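Below is run_23.txt, which holds compact mmCIF, C-alpha atoms.
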```txt
# COMPACT_ATOMS: atom_id res chain seq x y z
CA MET Z 1 97.14 111.22 74.34
CA SER Z 2 93.42 112.02 74.31
CA ALA Z 3 90.70 111.59 76.95
CA THR Z 4 89.63 108.46 75.06
CA ASP Z 5 93.10 107.00 75.57
CA ILE Z 6 92.90 107.73 79.32
CA ILE Z 7 89.54 105.94 79.45
CA ARG Z 8 91.03 102.97 77.57
CA ALA Z 9 93.92 102.85 80.08
CA LEU Z 10 91.43 102.88 82.98
CA ALA Z 11 89.34 100.15 81.33
CA ARG Z 12 92.44 97.92 81.08
CA SER Z 13 93.01 98.14 84.84
CA PRO Z 14 91.62 95.13 86.76
CA TYR Z 15 90.27 97.55 89.35
CA PHE Z 16 87.82 99.15 86.87
CA ARG Z 17 86.62 95.96 85.17
CA GLY Z 18 82.96 96.16 84.16
CA ILE Z 19 82.66 99.91 84.78
CA SER Z 20 80.72 101.82 82.08
CA THR Z 21 82.49 104.21 79.71
CA ASP Z 22 80.42 107.12 81.07
CA VAL Z 23 81.66 106.49 84.61
CA LEU Z 24 85.25 105.99 83.42
CA HIS Z 25 84.95 109.30 81.57
CA SER Z 26 83.87 111.05 84.80
CA ILE Z 27 86.86 109.55 86.63
CA ALA Z 28 89.27 110.41 83.78
CA MET Z 29 88.24 114.07 83.99
CA HIS Z 30 89.97 114.30 87.40
CA MET Z 31 93.26 112.84 86.14
CA SER Z 32 96.28 114.37 84.45
CA LEU Z 33 98.93 112.70 82.33
CA GLN Z 34 102.50 112.33 83.54
CA PRO Z 35 105.07 110.83 81.17
CA MET Z 36 108.01 109.04 82.80
CA VAL Z 37 111.50 108.15 81.61
CA ALA Z 38 113.46 105.07 82.68
CA GLY Z 39 115.33 105.70 85.92
CA GLU Z 40 113.19 108.70 86.90
CA VAL Z 41 112.48 108.91 90.65
CA LEU Z 42 108.70 109.46 90.86
CA SER Z 43 108.35 109.87 94.60
CA THR Z 44 110.65 109.22 97.54
CA ARG Z 45 110.32 107.64 100.95
CA LEU Z 46 109.18 110.01 103.73
CA GLN Z 47 107.86 112.61 101.26
CA PRO Z 48 104.35 113.85 102.18
CA SER Z 49 101.66 111.86 100.33
CA GLU Z 50 100.08 114.31 97.89
CA ALA Z 51 99.21 112.25 94.80
CA VAL Z 52 98.09 108.84 93.56
CA TRP Z 53 99.17 107.31 90.24
CA LEU Z 54 97.79 104.62 87.99
CA ILE Z 55 100.25 103.12 85.50
CA ALA Z 56 98.89 103.47 81.95
CA ASP Z 57 102.05 102.22 80.26
CA GLY Z 58 105.47 101.06 81.47
CA ARG Z 59 106.72 99.64 84.75
CA VAL Z 60 107.59 101.10 88.13
CA GLU Z 61 110.05 99.68 90.64
CA VAL Z 62 109.23 99.84 94.37
CA ARG Z 63 112.26 100.37 96.61
CA ARG Z 64 112.30 100.19 100.39
CA LEU Z 65 115.04 101.19 102.82
CA GLN Z 66 116.66 98.22 104.49
CA GLY Z 67 119.79 97.73 106.50
CA TYR Z 68 122.19 95.09 107.65
CA LYS Z 69 124.97 95.40 110.20
CA GLY Z 70 124.62 99.16 110.43
CA ARG Z 71 124.55 99.88 106.67
CA ARG Z 72 121.37 101.12 104.95
CA VAL Z 73 120.40 100.96 101.32
CA GLU Z 74 117.20 101.16 99.23
CA VAL Z 75 116.33 97.70 97.98
CA PRO Z 76 113.99 96.92 95.03
CA VAL Z 77 111.16 94.81 96.44
CA SER Z 78 108.63 94.65 93.59
CA ILE Z 79 107.71 95.81 90.10
CA LEU Z 80 104.35 97.43 89.38
CA LYS Z 81 102.73 96.84 85.98
CA PRO Z 82 100.19 98.75 83.86
CA GLY Z 83 96.77 99.00 85.52
CA MET Z 84 98.19 99.16 89.06
CA PHE Z 85 97.91 102.04 91.52
CA PHE Z 86 100.65 103.41 93.72
CA GLY Z 87 100.71 106.20 96.31
CA HIS Z 88 97.14 105.59 97.49
CA VAL Z 89 97.97 103.98 100.86
CA GLY Z 90 99.82 107.05 102.13
CA LEU Z 91 97.09 109.42 100.98
CA LEU Z 92 94.26 107.34 102.49
CA SER Z 93 96.06 106.65 105.76
CA GLU Z 94 97.42 110.23 106.00
CA GLN Z 95 101.00 108.93 106.32
CA PRO Z 96 104.22 109.92 104.54
CA ARG Z 97 105.53 107.67 101.76
CA THR Z 98 106.96 104.36 102.99
CA ALA Z 99 108.64 103.56 99.66
CA THR Z 100 110.53 105.14 96.79
CA TRP Z 101 109.10 104.56 93.30
CA VAL Z 102 111.39 104.64 90.28
CA ALA Z 103 110.38 104.24 86.62
CA SER Z 104 112.00 101.04 85.38
CA SER Z 105 110.99 101.77 81.77
CA PRO Z 106 109.69 104.74 79.78
CA GLY Z 107 105.93 105.04 80.14
CA LEU Z 108 102.89 107.04 81.05
CA LEU Z 109 101.14 107.58 84.36
CA LEU Z 110 97.63 108.81 85.14
CA ARG Z 111 98.06 111.18 88.07
CA LEU Z 112 95.49 112.22 90.67
CA ASP Z 113 96.49 115.01 93.04
CA ARG Z 114 95.08 115.18 96.57
CA LYS Z 115 92.15 117.53 95.87
CA PRO Z 116 90.70 115.73 92.82
CA PHE Z 117 91.36 112.42 94.64
CA GLU Z 118 89.28 113.61 97.59
CA ARG Z 119 86.57 114.97 95.27
CA LEU Z 120 86.30 111.55 93.62
CA LEU Z 121 86.13 109.75 96.98
CA ALA Z 122 83.33 112.08 98.11
CA ASP Z 123 81.36 111.86 94.84
CA PRO Z 124 77.83 110.64 95.75
CA ARG Z 125 77.16 109.30 92.24
CA MET Z 126 78.17 106.02 90.60
CA THR Z 127 81.50 107.67 89.76
CA GLY Z 128 82.45 107.89 93.46
CA SER Z 129 81.29 104.35 94.19
CA ALA Z 130 83.30 102.93 91.25
CA PHE Z 131 86.40 104.79 92.37
CA ARG Z 132 86.03 103.79 96.05
CA ARG Z 133 85.55 100.16 95.01
CA ALA Z 134 88.65 100.34 92.77
CA MET Z 135 90.63 101.54 95.81
CA ILE Z 136 89.16 98.70 97.89
CA LEU Z 137 90.15 96.11 95.26
CA ALA Z 138 93.70 97.47 95.08
CA LEU Z 139 94.07 97.63 98.89
CA GLY Z 140 92.51 94.18 99.38
CA SER Z 141 95.09 92.59 97.05
CA GLN Z 142 97.88 94.44 98.84
CA LEU Z 143 96.70 93.36 102.28
CA GLN Z 144 96.53 89.75 101.12
CA ALA Z 145 100.09 90.00 99.76
CA VAL Z 146 101.64 91.65 102.85
CA ASN Z 147 99.83 89.35 105.31
CA SER Z 148 100.96 86.39 103.24
CA ARG Z 149 104.55 87.63 103.61
CA LEU Z 150 104.09 87.99 107.38
CA ASN Z 151 102.64 84.46 107.47
CA ASP Z 152 105.62 83.13 105.52
CA PHE Z 153 107.99 84.81 107.96
CA ILE Z 154 106.21 83.31 110.97
CA ALA Z 155 106.22 79.86 109.37
CA ASN Z 156 109.82 79.99 108.16
CA PRO Z 157 111.89 82.90 109.53
CA GLU Z 158 115.16 81.42 108.23
CA ALA Z 159 113.95 81.68 104.62
CA GLU Z 160 112.99 85.36 105.14
CA VAL Z 161 116.44 86.07 106.61
CA ALA Z 162 118.13 84.40 103.62
CA THR Z 163 115.95 86.32 101.09
CA ARG Z 164 116.62 89.60 102.83
CA LYS Z 165 120.38 89.03 102.96
CA GLU Z 166 120.43 88.18 99.25
CA LEU Z 167 118.44 91.31 98.32
CA LEU Z 168 120.68 93.48 100.48
CA ARG Z 169 123.88 91.97 99.13
CA ASP Z 170 122.76 92.65 95.53
CA ALA Z 171 121.68 96.20 96.38
CA MET Z 172 124.91 96.99 98.25
CA GLU Z 173 127.04 95.59 95.45
CA SER Z 174 125.13 97.76 93.00
CA VAL Z 175 125.67 100.88 95.18
CA ASP Z 176 129.38 100.04 95.52
CA ARG Z 177 129.72 99.62 91.72
CA VAL Z 178 128.13 103.06 91.12
CA GLY Z 179 130.49 104.54 93.75
CA GLN Z 180 133.53 103.09 91.97
CA ASP Z 181 132.33 104.44 88.59
CA MET I 1 71.72 98.42 124.12
CA ASP I 2 69.32 97.93 121.21
CA PRO I 3 71.21 97.08 117.94
CA HIS I 4 69.48 99.95 116.11
CA GLU I 5 70.64 102.38 118.82
CA ILE I 6 74.21 101.04 118.54
CA LEU I 7 74.21 101.54 114.76
CA LEU I 8 72.88 105.09 115.15
CA HIS I 9 75.87 105.94 117.34
CA MET I 10 78.53 104.48 115.02
CA PRO I 11 80.64 107.23 113.40
CA MET I 12 80.79 105.34 110.09
CA PHE I 13 76.98 105.57 109.80
CA SER I 14 76.75 109.24 110.81
CA GLY I 15 75.26 110.20 107.42
CA VAL I 16 72.76 107.33 107.29
CA SER I 17 69.12 107.78 108.35
CA PRO I 18 67.43 105.65 111.08
CA PRO I 19 65.07 103.92 108.55
CA GLU I 20 68.08 103.03 106.36
CA LEU I 21 69.81 101.44 109.37
CA ALA I 22 66.60 99.59 110.24
CA ARG I 23 66.65 98.15 106.72
CA LEU I 24 70.27 97.04 107.25
CA LEU I 25 69.13 95.14 110.36
CA GLU I 26 66.35 93.44 108.36
CA LEU I 27 68.83 92.16 105.78
CA ALA I 28 71.61 91.36 108.27
CA PRO I 29 70.03 90.46 111.62
CA PRO I 30 72.31 90.53 114.71
CA VAL I 31 74.17 87.29 115.41
CA PRO I 32 75.48 86.46 118.93
CA ILE I 33 79.10 85.29 119.06
CA SER I 34 80.57 83.35 122.01
CA SER I 35 83.98 84.07 123.45
CA GLU I 36 86.78 81.99 121.85
CA SER I 37 84.74 81.10 118.75
CA LEU I 38 86.52 81.44 115.41
CA LEU I 39 84.88 84.01 113.15
CA MET I 40 87.16 83.46 110.14
CA ASP I 41 90.45 81.75 109.34
CA VAL I 42 93.33 82.28 106.90
CA GLY I 43 92.43 80.79 103.50
CA ASP I 44 88.65 80.69 104.11
CA GLN I 45 86.60 81.88 101.17
CA GLY I 46 85.37 85.36 102.11
CA GLU I 47 81.61 85.72 101.80
CA ASP I 48 80.72 88.62 104.02
CA LEU I 49 81.73 91.64 106.05
CA VAL I 50 81.25 91.72 109.81
CA ILE I 51 80.07 94.85 111.65
CA VAL I 52 80.86 94.61 115.37
CA LEU I 53 78.02 95.82 117.62
CA SER I 54 79.53 94.57 120.88
CA GLY I 55 82.34 92.33 122.11
CA GLY I 56 85.99 92.13 121.16
CA PHE I 57 87.89 90.25 118.45
CA ALA I 58 91.57 89.41 117.96
CA VAL I 59 92.93 89.52 114.39
CA GLU I 60 95.89 87.12 114.23
CA LEU I 61 98.39 85.31 112.04
CA GLY I 62 100.34 82.12 112.87
CA SER I 63 99.43 79.66 115.60
CA GLY I 64 100.51 78.41 119.02
CA GLU I 65 103.67 80.13 120.28
CA GLY I 66 104.05 81.67 116.83
CA THR I 67 100.76 83.60 117.05
CA LEU I 68 101.14 87.20 115.91
CA PRO I 69 98.27 89.48 117.05
CA LEU I 70 97.73 92.12 114.34
CA ALA I 71 94.82 94.07 115.82
CA PHE I 72 92.04 94.13 118.39
CA VAL I 73 88.67 95.05 116.90
CA GLY I 74 85.79 96.32 119.04
CA PRO I 75 82.31 97.87 118.74
CA GLY I 76 81.80 100.23 115.79
CA GLU I 77 84.56 98.59 113.75
CA ILE I 78 84.48 96.14 110.85
CA LEU I 79 86.11 92.78 110.10
CA GLY I 80 86.63 90.76 106.92
CA GLU I 81 86.38 94.03 105.03
CA ALA I 82 88.27 92.91 101.94
CA ALA I 83 85.88 90.10 101.01
CA LEU I 84 82.64 92.02 100.55
CA PHE I 85 83.83 93.92 97.49
CA ARG I 86 86.25 91.23 96.24
CA ARG I 87 83.98 88.28 95.74
CA GLY I 88 85.67 84.92 96.17
CA SER I 89 88.79 86.38 97.78
CA LEU I 90 90.44 84.44 100.58
CA ARG I 91 90.68 85.62 104.18
CA SER I 92 94.21 86.82 104.93
CA ALA I 93 94.06 86.60 108.76
CA ARG I 94 92.33 84.66 111.53
CA VAL I 95 89.67 86.39 113.66
CA ARG I 96 88.86 85.01 117.12
CA ALA I 97 86.30 86.30 119.62
CA VAL I 98 87.96 87.19 122.92
CA GLU I 99 84.66 87.96 124.66
CA ASP I 100 80.96 87.40 123.99
CA GLY I 101 79.60 89.78 121.39
CA LEU I 102 76.98 90.70 118.83
CA VAL I 103 77.72 91.22 115.12
CA LEU I 104 76.00 91.82 111.79
CA ARG I 105 77.16 89.65 108.86
CA LEU I 106 76.47 91.42 105.59
CA ASP I 107 76.93 89.50 102.33
CA SER I 108 77.23 90.93 98.83
CA SER I 109 73.64 90.16 97.79
CA ALA I 110 72.33 92.17 100.78
CA LEU I 111 74.75 94.96 99.95
CA ASP I 112 73.56 94.98 96.30
CA GLU I 113 69.94 95.11 97.46
CA LEU I 114 70.66 98.11 99.71
CA ALA I 115 72.45 99.84 96.82
CA ARG I 116 69.48 99.24 94.48
CA GLU I 117 67.16 100.78 97.05
CA GLY I 118 69.34 103.91 97.24
CA ASN I 119 70.14 103.19 100.90
CA GLY I 120 73.11 105.19 102.32
CA VAL I 121 74.71 102.15 104.01
CA PRO I 122 76.74 100.90 100.98
CA ARG I 123 78.41 104.28 100.52
CA SER I 124 79.27 104.52 104.24
CA LEU I 125 80.65 100.99 104.17
CA GLU I 126 82.77 101.68 101.05
CA GLU I 127 84.33 104.64 102.85
CA ALA I 128 84.89 102.68 106.09
CA VAL I 129 86.29 99.60 104.30
CA MET I 130 88.67 101.73 102.21
CA ARG I 131 90.08 103.61 105.24
CA THR I 132 90.34 100.42 107.34
CA LEU I 133 92.15 98.56 104.55
CA ALA I 134 94.55 101.48 104.00
CA ARG I 135 95.41 101.54 107.71
CA ARG I 136 95.91 97.74 107.83
CA VAL I 137 98.09 97.73 104.68
CA HIS I 138 100.16 100.59 106.10
CA ASP I 139 100.63 98.79 109.44
CA SER I 140 101.60 95.48 107.82
CA VAL I 141 104.03 97.20 105.43
CA MET I 142 105.59 99.06 108.37
CA ALA I 143 105.87 95.76 110.21
CA ILE I 144 107.69 94.10 107.33
CA ASP I 145 109.83 96.99 106.19
CA GLY I 146 110.30 98.82 109.46
CA VAL I 147 110.29 96.28 112.26
CA LEU I 148 111.78 93.29 110.44
CA ALA I 149 114.34 95.53 108.73
CA SER I 150 115.48 97.04 112.03
CA ALA I 151 115.99 93.54 113.47
CA PHE I 152 118.16 92.61 110.49
CA GLU I 153 119.99 95.91 110.56
CA ALA I 154 121.00 95.21 114.15
CA ASP I 155 121.96 91.70 112.97
CA GLU I 156 119.45 90.23 115.40
CA PRO I 157 117.03 88.32 113.14
CA ARG I 158 116.02 86.11 116.09
CA THR I 159 114.48 89.15 117.80
CA ALA I 160 112.29 89.92 114.77
CA PHE I 161 109.24 88.01 115.99
CA THR I 162 109.32 89.68 119.43
CA ARG I 163 109.72 93.08 117.75
CA LEU I 164 106.74 92.35 115.50
CA LYS I 165 104.58 91.46 118.51
CA GLU I 166 105.58 94.70 120.25
CA PHE I 167 104.82 96.72 117.10
CA PHE I 168 101.29 95.38 116.72
CA ARG I 169 100.62 95.60 120.48
CA ARG I 170 101.24 99.36 120.22
```

This entry written out as structure tokens:
Amino acid sequence: MSATDIIRALARSPYFRGISTDVLHSIAMHMSLQPMVAGEVLSTRLQPSEAVWLIADGRVEVRRLQGYKGRRVEVPVSILKPGMFFGHVGLLSEQPRTATWVASSPGLLLRLDRKPFERLLADPRMTGSAFRRAMILALGSQLQAVNSRLNDFIANPEAEVATRKELLRDAMESVDRVGQD
Amino acid sequence: MDPHEILLHMPMFSGVSPPELARLLELAPPVPISSESLLMDVGDQGEDLVIVLSGGFAVELGSGEGTLPLAFVGPGEILGEAALFRRGSLRSARVRAVEDGLVLRLDSSALDELAREGNGVPRSLEEAVMRTLARRVHDSVMAIDGVLASAFEADEPRTAFTRLKEFFRR
């Protein structure tokens, strides 16, 4: 995959819509390519946050640790699609990972390690502004989604309990099946 | 204290010159806010970002006995941060003044004008908005996946709301 392909992948992301090719090129220069295979664990909960990824191709499953009646299991809570970031919240808030990310298909990630990530954030040119605004767009959508979930819980806690129990039952059955195999 | 003086002492504007902050005040003049007035509500179309010069604001979800306080925002902090860079996005929480205060309301056309002039305010705001959003996303995710999960793990879903309130109070 060439630099041009990385720029095309960035241009397809909703967070970089309308950004010039020159600026995308400057951002792409900080990124490295990371192929992924289906089932690969990309980063795990409680690991230090040291990188940010943007999905160029493929899908990534987000798993969070949940428990019921004293038993704990990682439960899939969402699927991330091409053009989406992951790993940025931990790096920006200086917190360890709160989720485990697993490739749910083969694909390709654009990876930004901590130092180039910080260089981009501090860039005084248009490049830095475009990247900071991309982060803001991604975080703004996430905040809207998580606050909407909190609102739903406040409005209808019984529905949240039922959803959670269903997710946990499926995840525990899956773990038990693997154990029997 | 004079609004310009307050801005000069805000950490988020530490790299911005006094004339640049004076220009910010020209484009977004201070607005007095009375205690108990509603600054924004869930589902409102977001038009601007609020910079708090004085006073105190409660960020909340729910209503009545089901009110969940998410944060208390005071001088030097920002509110409605997601809307300024995501035009047309909807407010995801309610913000209520808990005491009299003074704020700046900056909309996207004023921000664009400052950026065209090469003013340092837009860059400082991008940085502040990004860090604030990251902290709020992290807190809300921890609330959902940490606090709610622990209530279910203990098989006490009815305690979840109380646990959430305690989490955000901390």

Practice task
With a cut-off of 8 Å and counting all atoms listed in the file, select all residues of chain I in contact with chain Z and give the selection as a ChimeraX atom specification.
Solution key: /I:61-62,66,82-83,85-86,91-93,123,126-127,129-131,133-138,140-142,144-145,149-150,152-155,157,161

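If you look at CA of Leu7 (chain I) and CA of Leu53 (chain I), they are 7.4 Å away from each other.
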
Exercise for the section: Mind checking which residues fall within 9 Å of Leu38 (chain I), counting only C-alpha atoms, ignoring those fewer than 4 positions away in the same chain, and posting them as an MDAnalysis selection string? Expected result: chainID I and resid 94:97

Exercise for the section: Go through Z:Thr4, Z:Glu74, Z:His25, Z:Pro106 one by one, measure the shortest atom-to-atom distance of each to Glu40 (chain Z) using all atoms listed in the file, and give the residue with the smallest value. Expected result: Z:Pro106

Handout entry: Surrounding residues of Ala110 (chain I) excluding itself and chain neighbours under 3 positions, 10 Å, all atoms listed in the file, as an MDAnalysis selection string
Key = chainID I and resid 24 26:28 48 105:107 113:116 122
